[in-house]
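Colleague: Just start.txt, nothing more (compact mmCIF, C-alpha atoms):
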# COMPACT_ATOMS: atom_id res chain seq x y z
CA MET Y 1 150.73 86.05 65.15
CA SER Y 2 147.33 86.35 63.45
CA LEU Y 3 144.91 83.45 63.73
CA THR Y 4 141.52 82.57 62.30
CA LEU Y 5 138.84 80.35 63.74
CA THR Y 6 135.70 79.10 62.01
CA ARG Y 7 132.56 77.90 63.77
CA THR Y 8 129.64 76.39 61.84
CA VAL Y 9 126.00 76.31 62.88
CA THR Y 10 123.03 74.75 61.10
CA PHE Y 11 119.37 75.57 60.85
CA HIS Y 12 116.41 74.58 58.70
CA ALA Y 13 114.31 77.25 57.05
CA ARG Y 14 111.93 77.64 54.12
CA HIS Y 15 111.76 80.37 51.53
CA ARG Y 16 110.51 81.21 48.11
CA LEU Y 17 111.94 83.50 45.48
CA TYR Y 18 109.11 85.95 45.04
CA ARG Y 19 108.94 89.71 44.79
CA PRO Y 20 105.59 90.94 46.13
CA GLU Y 21 105.68 94.05 43.93
CA TRP Y 22 105.74 91.84 40.80
CA SER Y 23 102.85 89.91 39.30
CA ALA Y 24 102.67 86.15 39.75
CA ASP Y 25 103.46 85.74 36.05
CA GLU Y 26 106.60 87.92 36.28
CA ASN Y 27 107.78 86.03 39.38
CA ARG Y 28 107.20 82.71 37.61
CA ARG Y 29 109.05 83.94 34.50
CA VAL Y 30 112.10 85.07 36.50
CA PHE Y 31 112.24 82.48 39.30
CA GLY Y 32 110.35 79.51 37.87
CA ARG Y 33 108.91 76.99 40.32
CA LEU Y 34 110.94 78.56 43.16
CA SER Y 35 108.44 81.44 43.18
CA GLU Y 36 105.45 79.28 43.98
CA GLU Y 37 103.77 78.24 47.21
CA PRO Y 38 104.43 76.26 49.23
CA PRO Y 39 107.95 77.47 50.02
CA HIS Y 40 110.84 75.06 49.70
CA GLY Y 41 113.25 74.31 52.53
CA HIS Y 42 116.97 74.00 53.06
CA ASP Y 43 119.19 72.68 55.79
CA TYR Y 44 121.42 75.74 55.91
CA ARG Y 45 125.00 75.73 57.16
CA CYS Y 46 126.50 79.01 58.28
CA ALA Y 47 130.27 79.10 58.79
CA VAL Y 48 131.57 82.15 60.62
CA THR Y 49 135.28 82.94 60.50
CA VAL Y 50 136.84 85.32 63.00
CA SER Y 51 140.42 86.50 63.38
CA GLY Y 52 142.57 88.02 66.04
CA SER Y 53 145.88 87.83 67.79
CA HIS Y 54 147.31 84.99 69.76
CA THR Y 55 146.42 85.52 73.41
CA PRO Y 56 147.97 84.24 76.64
CA SER Y 57 144.97 81.92 77.09
CA ASP Y 58 145.56 80.48 73.58
CA LEU Y 59 141.94 81.28 72.76
CA LEU Y 60 141.14 83.62 69.93
CA VAL Y 61 137.61 83.99 71.30
CA ASP Y 62 135.70 82.36 74.12
CA LEU Y 63 133.78 79.63 72.26
CA ALA Y 64 130.87 79.73 74.69
CA GLN Y 65 130.51 83.46 73.99
CA LEU Y 66 130.79 82.96 70.21
CA ASP Y 67 128.27 80.09 70.32
CA ALA Y 68 125.81 82.23 72.27
CA ILE Y 69 126.11 85.02 69.69
CA LEU Y 70 125.57 82.55 66.82
CA GLN Y 71 122.51 81.12 68.54
CA ASP Y 72 121.09 84.60 69.20
CA GLU Y 73 121.73 86.06 65.75
CA ILE Y 74 121.48 83.09 63.39
CA VAL Y 75 119.92 79.92 64.74
CA ARG Y 76 117.05 81.06 66.98
CA PRO Y 77 115.67 83.80 64.70
CA HIS Y 78 115.78 81.61 61.55
CA ASP Y 79 115.44 77.94 62.47
CA GLY Y 80 112.08 76.50 61.44
CA ARG Y 81 110.96 79.79 59.89
CA TYR Y 82 109.38 80.74 56.59
CA LEU Y 83 111.95 83.45 55.94
CA ASN Y 84 109.86 85.64 53.61
CA ARG Y 85 107.00 85.86 56.12
CA GLU Y 86 108.51 85.39 59.56
CA VAL Y 87 111.83 87.25 59.41
CA PRO Y 88 111.37 91.02 58.99
CA ALA Y 89 114.71 91.45 57.19
CA PHE Y 90 113.42 89.27 54.35
CA ALA Y 91 109.93 90.67 54.01
CA ARG Y 92 111.04 92.77 51.00
CA THR Y 93 114.47 91.29 50.30
CA LEU Y 94 114.78 87.92 48.62
CA PRO Y 95 116.12 85.46 51.21
CA THR Y 96 118.92 84.14 49.02
CA CYS Y 97 122.10 82.77 50.53
CA GLU Y 98 123.83 85.98 49.38
CA ALA Y 99 121.33 88.20 51.22
CA MET Y 100 121.47 85.97 54.28
CA ALA Y 101 125.29 86.09 54.40
CA ALA Y 102 125.24 89.92 54.25
CA HIS Y 103 122.46 90.12 56.86
CA PHE Y 104 124.27 87.79 59.24
CA TYR Y 105 127.58 89.60 58.71
CA ALA Y 106 126.12 92.92 59.85
CA ARG Y 107 124.47 91.39 62.90
CA LEU Y 108 127.53 89.39 63.97
CA ALA Y 109 130.08 92.17 63.41
CA ALA Y 110 128.20 94.33 65.90
CA ARG Y 111 128.26 91.64 68.58
CA LEU Y 112 131.83 90.33 68.60
CA PRO Y 113 134.06 91.15 71.57
CA GLY Y 114 136.92 93.63 71.26
CA GLY Y 115 140.05 92.33 69.55
CA VAL Y 116 138.05 89.83 67.47
CA ARG Y 117 137.42 90.67 63.81
CA LEU Y 118 134.79 89.08 61.61
CA GLU Y 119 136.49 87.82 58.46
CA ARG Y 120 133.75 85.92 56.65
CA VAL Y 121 130.22 84.61 56.90
CA ARG Y 122 129.46 81.72 54.55
CA VAL Y 123 125.88 80.54 54.09
CA SER Y 124 125.34 77.24 52.27
CA GLU Y 125 121.95 76.14 50.99
CA ASP Y 126 123.27 72.74 49.97
CA PRO Y 127 126.65 71.15 49.18
CA THR Y 128 126.74 72.81 45.74
CA LEU Y 129 125.73 76.39 46.57
CA TYR Y 130 127.05 78.92 49.06
CA ALA Y 131 127.66 82.65 49.37
CA ASP Y 132 130.39 84.48 51.28
CA CYS Y 133 130.22 87.93 52.80
CA THR Y 134 133.59 89.40 53.78
CA GLY Y 135 132.50 92.85 54.86
CA PRO Y 136 130.00 95.62 54.41
CA ALA Y 137 129.27 96.73 50.87
With the file now loaded, output its structure as structure tokens.

Modeller:
Amino acid sequence: MSLTLTRTVTFHARHRLYRPEWSADENRRVFGRLSEEPPHGHDYRCAVTVSGSHTPSDLLVDLAQLDAILQDEIVRPHDGRYLNREVPAFARTLPTCEAMAAHFYARLAARLPGGVRLERVRVSEDPTLYADCTGPA
């Protein structure tokens, strides 16, 4: 029997939509007020769905182990940060929820224990906007 399990973590971070290789005018034309300083913040929610087989312990994954991975890869490196300036992965990549979902997917997939498959990483900026990553491009 195949099962899925979803765990959600939250963190607060700030970002701006700004490409350093563009002029301020071009950034403003494309991204509007979201390109300007100071950065704006979000209370992000990241839902991580894993799958696997039913085990004798009835646990798909040890939750303490999964929680530790989520803290290491998502919460600690991003909580309270100005993503564009303080997180190397977003120094030249716009820190959109789409980019964050793909970034988190790659980091989490490499850390999960054997027999556990990463199905989806969902990053929500607010209740009306989220992005899903379901695997490498």

Colleague: Nearest residue to Leu63 (chain Y) out of Y:Arg120, Y:Thr6, Y:Tyr44, Y:Tyr130, using all atoms listed in the file?

Modeller: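 Between Y:Arg120, Y:Thr6, Y:Tyr44, Y:Tyr130, the residue approaching Leu63 (chain Y) most closely is Y:Thr6.
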
Colleague: Using only C-alpha atoms, find the one residue out of Y:Glu37, Y:Asp72, Y:Glu125, Y:Asp43 that sits nearest to Leu17 (chain Y).

Modeller: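 Smallest distance to Leu17 (chain Y) is found for Y:Glu37.
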
Colleague: Once you count all atoms listed in the file, what closest atom pair and distance in Å to one decimal does each residue of region 9-67 of chain Y within 12 Å of region 73-92 of chain Y have, with rows by chain and rising residue number, as CSV?

Modeller:
residue,atom,partner,partner_atom,distance
Y:Val9,CA,Y:Val75,CA,7.3
Y:Thr10,CA,Y:Val75,CA,7.0
Y:Phe11,CA,Y:Asp79,CA,4.9
Y:His12,CA,Y:Asp79,CA,5.1
Y:Ala13,CA,Y:Gly80,CA,5.0
Y:Arg14,CA,Y:Tyr82,CA,4.7
Y:His15,CA,Y:Leu83,CA,5.4
Y:Arg16,CA,Y:Asn84,CA,7.1
Y:Leu17,CA,Y:Asn84,CA,8.7
Y:Tyr18,CA,Y:Asn84,CA,8.6
Y:Arg19,CA,Y:Arg92,CA,7.2
Y:Pro20,CA,Y:Arg92,CA,7.5
Y:Glu21,CA,Y:Arg92,CA,9.0
Y:Trp22,CA,Y:Arg92,CA,11.5
Y:Ser35,CA,Y:Asn84,CA,11.3
Y:Glu37,CA,Y:Tyr82,CA,11.2
Y:Pro38,CA,Y:Tyr82,CA,9.9
Y:Pro39,CA,Y:Tyr82,CA,7.5
Y:His40,CA,Y:Tyr82,CA,9.0
Y:Gly41,CA,Y:Tyr82,CA,8.5
Y:His42,CA,Y:Gly80,CA,10.0
Y:Asp43,CA,Y:Asp79,CA,9.3
Y:Tyr44,CA,Y:Asp79,CA,9.1
Y:Arg45,CA,Y:Val75,CA,10.0
Y:Cys46,CA,Y:Ile74,CA,8.2
Y:Ala47,CA,Y:Ile74,CA,10.7
Y:Val48,CA,Y:Ile74,CA,10.5
Y:Leu66,CA,Y:Glu73,CA,10.6
Y:Asp67,CA,Y:Glu73,CA,10.0

Colleague: Report, in Å with one decimal, the straight-line distance from CA of Asp126 (chain Y) to CA of Glu98 (chain Y).

Modeller: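 Answer for the CA of Asp126 (chain Y) to CA of Glu98 (chain Y) separation: 13.3 Å.
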
Colleague: Closest to Asn27 (chain Y) among Y:Val50, Y:Ala101, Y:Leu94, Y:Ala131, using only C-alpha atoms?

Modeller: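 Among the listed residues, Y:Leu94 lies closest to Asn27 (chain Y).
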
Colleague: Using only C-alpha atoms, which residues sit within 9 Å of Ala109 (chain Y) once same-chain residues fewer than 6 positions away are excluded, as a list in words?

Modeller: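 Once the nearby chain positions are removed, what remains is Arg117, Leu118 and Gly135 of chain Y.
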
Colleague: When you count all atoms listed in the file, which of these residues is closest to Val116 (chain Y): Y:Ala64, Y:Pro95, Y:Ile69, Y:Ser51?

Modeller: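 Checking each of Y:Ala64, Y:Pro95, Y:Ile69, Y:Ser51 against Val116 (chain Y), counting all atoms listed in the file, the winner is Y:Ser51.
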
Colleague: Could you tell me which of Y:Leu108, Y:Leu5, Y:Glu26, Y:Cys133 comes closest to Leu70 (chain Y) if we count only C-alpha atoms?

Modeller: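 That would be Y:Leu108, the residue with the smallest distance to Leu70 (chain Y).
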
Colleague: Measuring atom to atom with all atoms listed in the file, identify which of Y:Gly114, Y:Ser124, Y:Leu59, Y:Glu119 is nearest to Met100 (chain Y).

Modeller: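 Result for the nearest residue to Met100 (chain Y): Y:Ser124.
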
Colleague: To one decimal in Å, tell me the separation between CA of Leu3 (chain Y) and CA of Arg122 (chain Y).

Modeller: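 Interatomic distance here is 18.1 Å.
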
Colleague: So how many Å separate CA of Thr96 (chain Y) and CA of Thr4 (chain Y), to one decimal?

Modeller: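 If I compute the distance from CA of Thr96 (chain Y) to CA of Thr4 (chain Y), I get 26.3 Å.
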
Colleague: N, CA and C atoms are needed for region 30-43 of chain Y; please write them out as a PDB file, keeping the file's coordinate frame.

Modeller:
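The new file selection.pdb reads:
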ATOM      1  N   VAL Y  30     110.737  84.829  36.027  1.00  0.00           N
ATOM      2  CA  VAL Y  30     112.100  85.070  36.500  1.00  0.00           C
ATOM      3  C   VAL Y  30     112.621  83.928  37.383  1.00  0.00           C
ATOM      4  N   PHE Y  31     111.781  83.445  38.303  1.00  0.00           N
ATOM      5  CA  PHE Y  31     112.240  82.480  39.300  1.00  0.00           C
ATOM      6  C   PHE Y  31     111.747  81.063  39.093  1.00  0.00           C
ATOM      7  N   GLY Y  32     110.860  80.855  38.133  1.00  0.00           N
ATOM      8  CA  GLY Y  32     110.350  79.510  37.870  1.00  0.00           C
ATOM      9  C   GLY Y  32     109.576  78.962  39.046  1.00  0.00           C
ATOM     10  N   ARG Y  33     109.673  77.658  39.252  1.00  0.00           N
ATOM     11  CA  ARG Y  33     108.910  76.990  40.320  1.00  0.00           C
ATOM     12  C   ARG Y  33     109.307  77.461  41.711  1.00  0.00           C
ATOM     13  N   LEU Y  34     110.490  78.077  41.847  1.00  0.00           N
ATOM     14  CA  LEU Y  34     110.940  78.560  43.160  1.00  0.00           C
ATOM     15  C   LEU Y  34     110.104  79.735  43.665  1.00  0.00           C
ATOM     16  N   SER Y  35     109.281  80.310  42.774  1.00  0.00           N
ATOM     17  CA  SER Y  35     108.440  81.440  43.180  1.00  0.00           C
ATOM     18  C   SER Y  35     107.104  80.990  43.760  1.00  0.00           C
ATOM     19  N   GLU Y  36     106.789  79.748  43.630  1.00  0.00           N
ATOM     20  CA  GLU Y  36     105.450  79.280  43.980  1.00  0.00           C
ATOM     21  C   GLU Y  36     105.337  78.772  45.407  1.00  0.00           C
ATOM     22  N   GLU Y  37     104.093  78.833  45.917  1.00  0.00           N
ATOM     23  CA  GLU Y  37     103.770  78.240  47.210  1.00  0.00           C
ATOM     24  C   GLU Y  37     103.574  76.743  46.992  1.00  0.00           C
ATOM     25  N   PRO Y  38     103.837  75.916  47.946  1.00  0.00           N
ATOM     26  CA  PRO Y  38     104.430  76.260  49.230  1.00  0.00           C
ATOM     27  C   PRO Y  38     105.920  76.546  49.079  1.00  0.00           C
ATOM     28  N   PRO Y  39     106.505  77.181  50.092  1.00  0.00           N
ATOM     29  CA  PRO Y  39     107.950  77.470  50.020  1.00  0.00           C
ATOM     30  C   PRO Y  39     108.740  76.161  50.073  1.00  0.00           C
ATOM     31  N   HIS Y  40     109.962  76.229  49.604  1.00  0.00           N
ATOM     32  CA  HIS Y  40     110.840  75.060  49.700  1.00  0.00           C
ATOM     33  C   HIS Y  40     111.850  75.289  50.822  1.00  0.00           C
ATOM     34  N   GLY Y  41     112.363  74.210  51.373  1.00  0.00           N
ATOM     35  CA  GLY Y  41     113.250  74.310  52.530  1.00  0.00           C
ATOM     36  C   GLY Y  41     114.671  73.902  52.236  1.00  0.00           C
ATOM     37  N   HIS Y  42     115.549  74.355  53.112  1.00  0.00           N
ATOM     38  CA  HIS Y  42     116.970  74.000  53.060  1.00  0.00           C
ATOM     39  C   HIS Y  42     117.464  73.724  54.472  1.00  0.00           C
ATOM     40  N   ASP Y  43     118.425  72.842  54.563  1.00  0.00           N
ATOM     41  CA  ASP Y  43     119.190  72.680  55.790  1.00  0.00           C
ATOM     42  C   ASP Y  43     120.435  73.541  55.615  1.00  0.00           C
TER      43      ASP Y  43
END
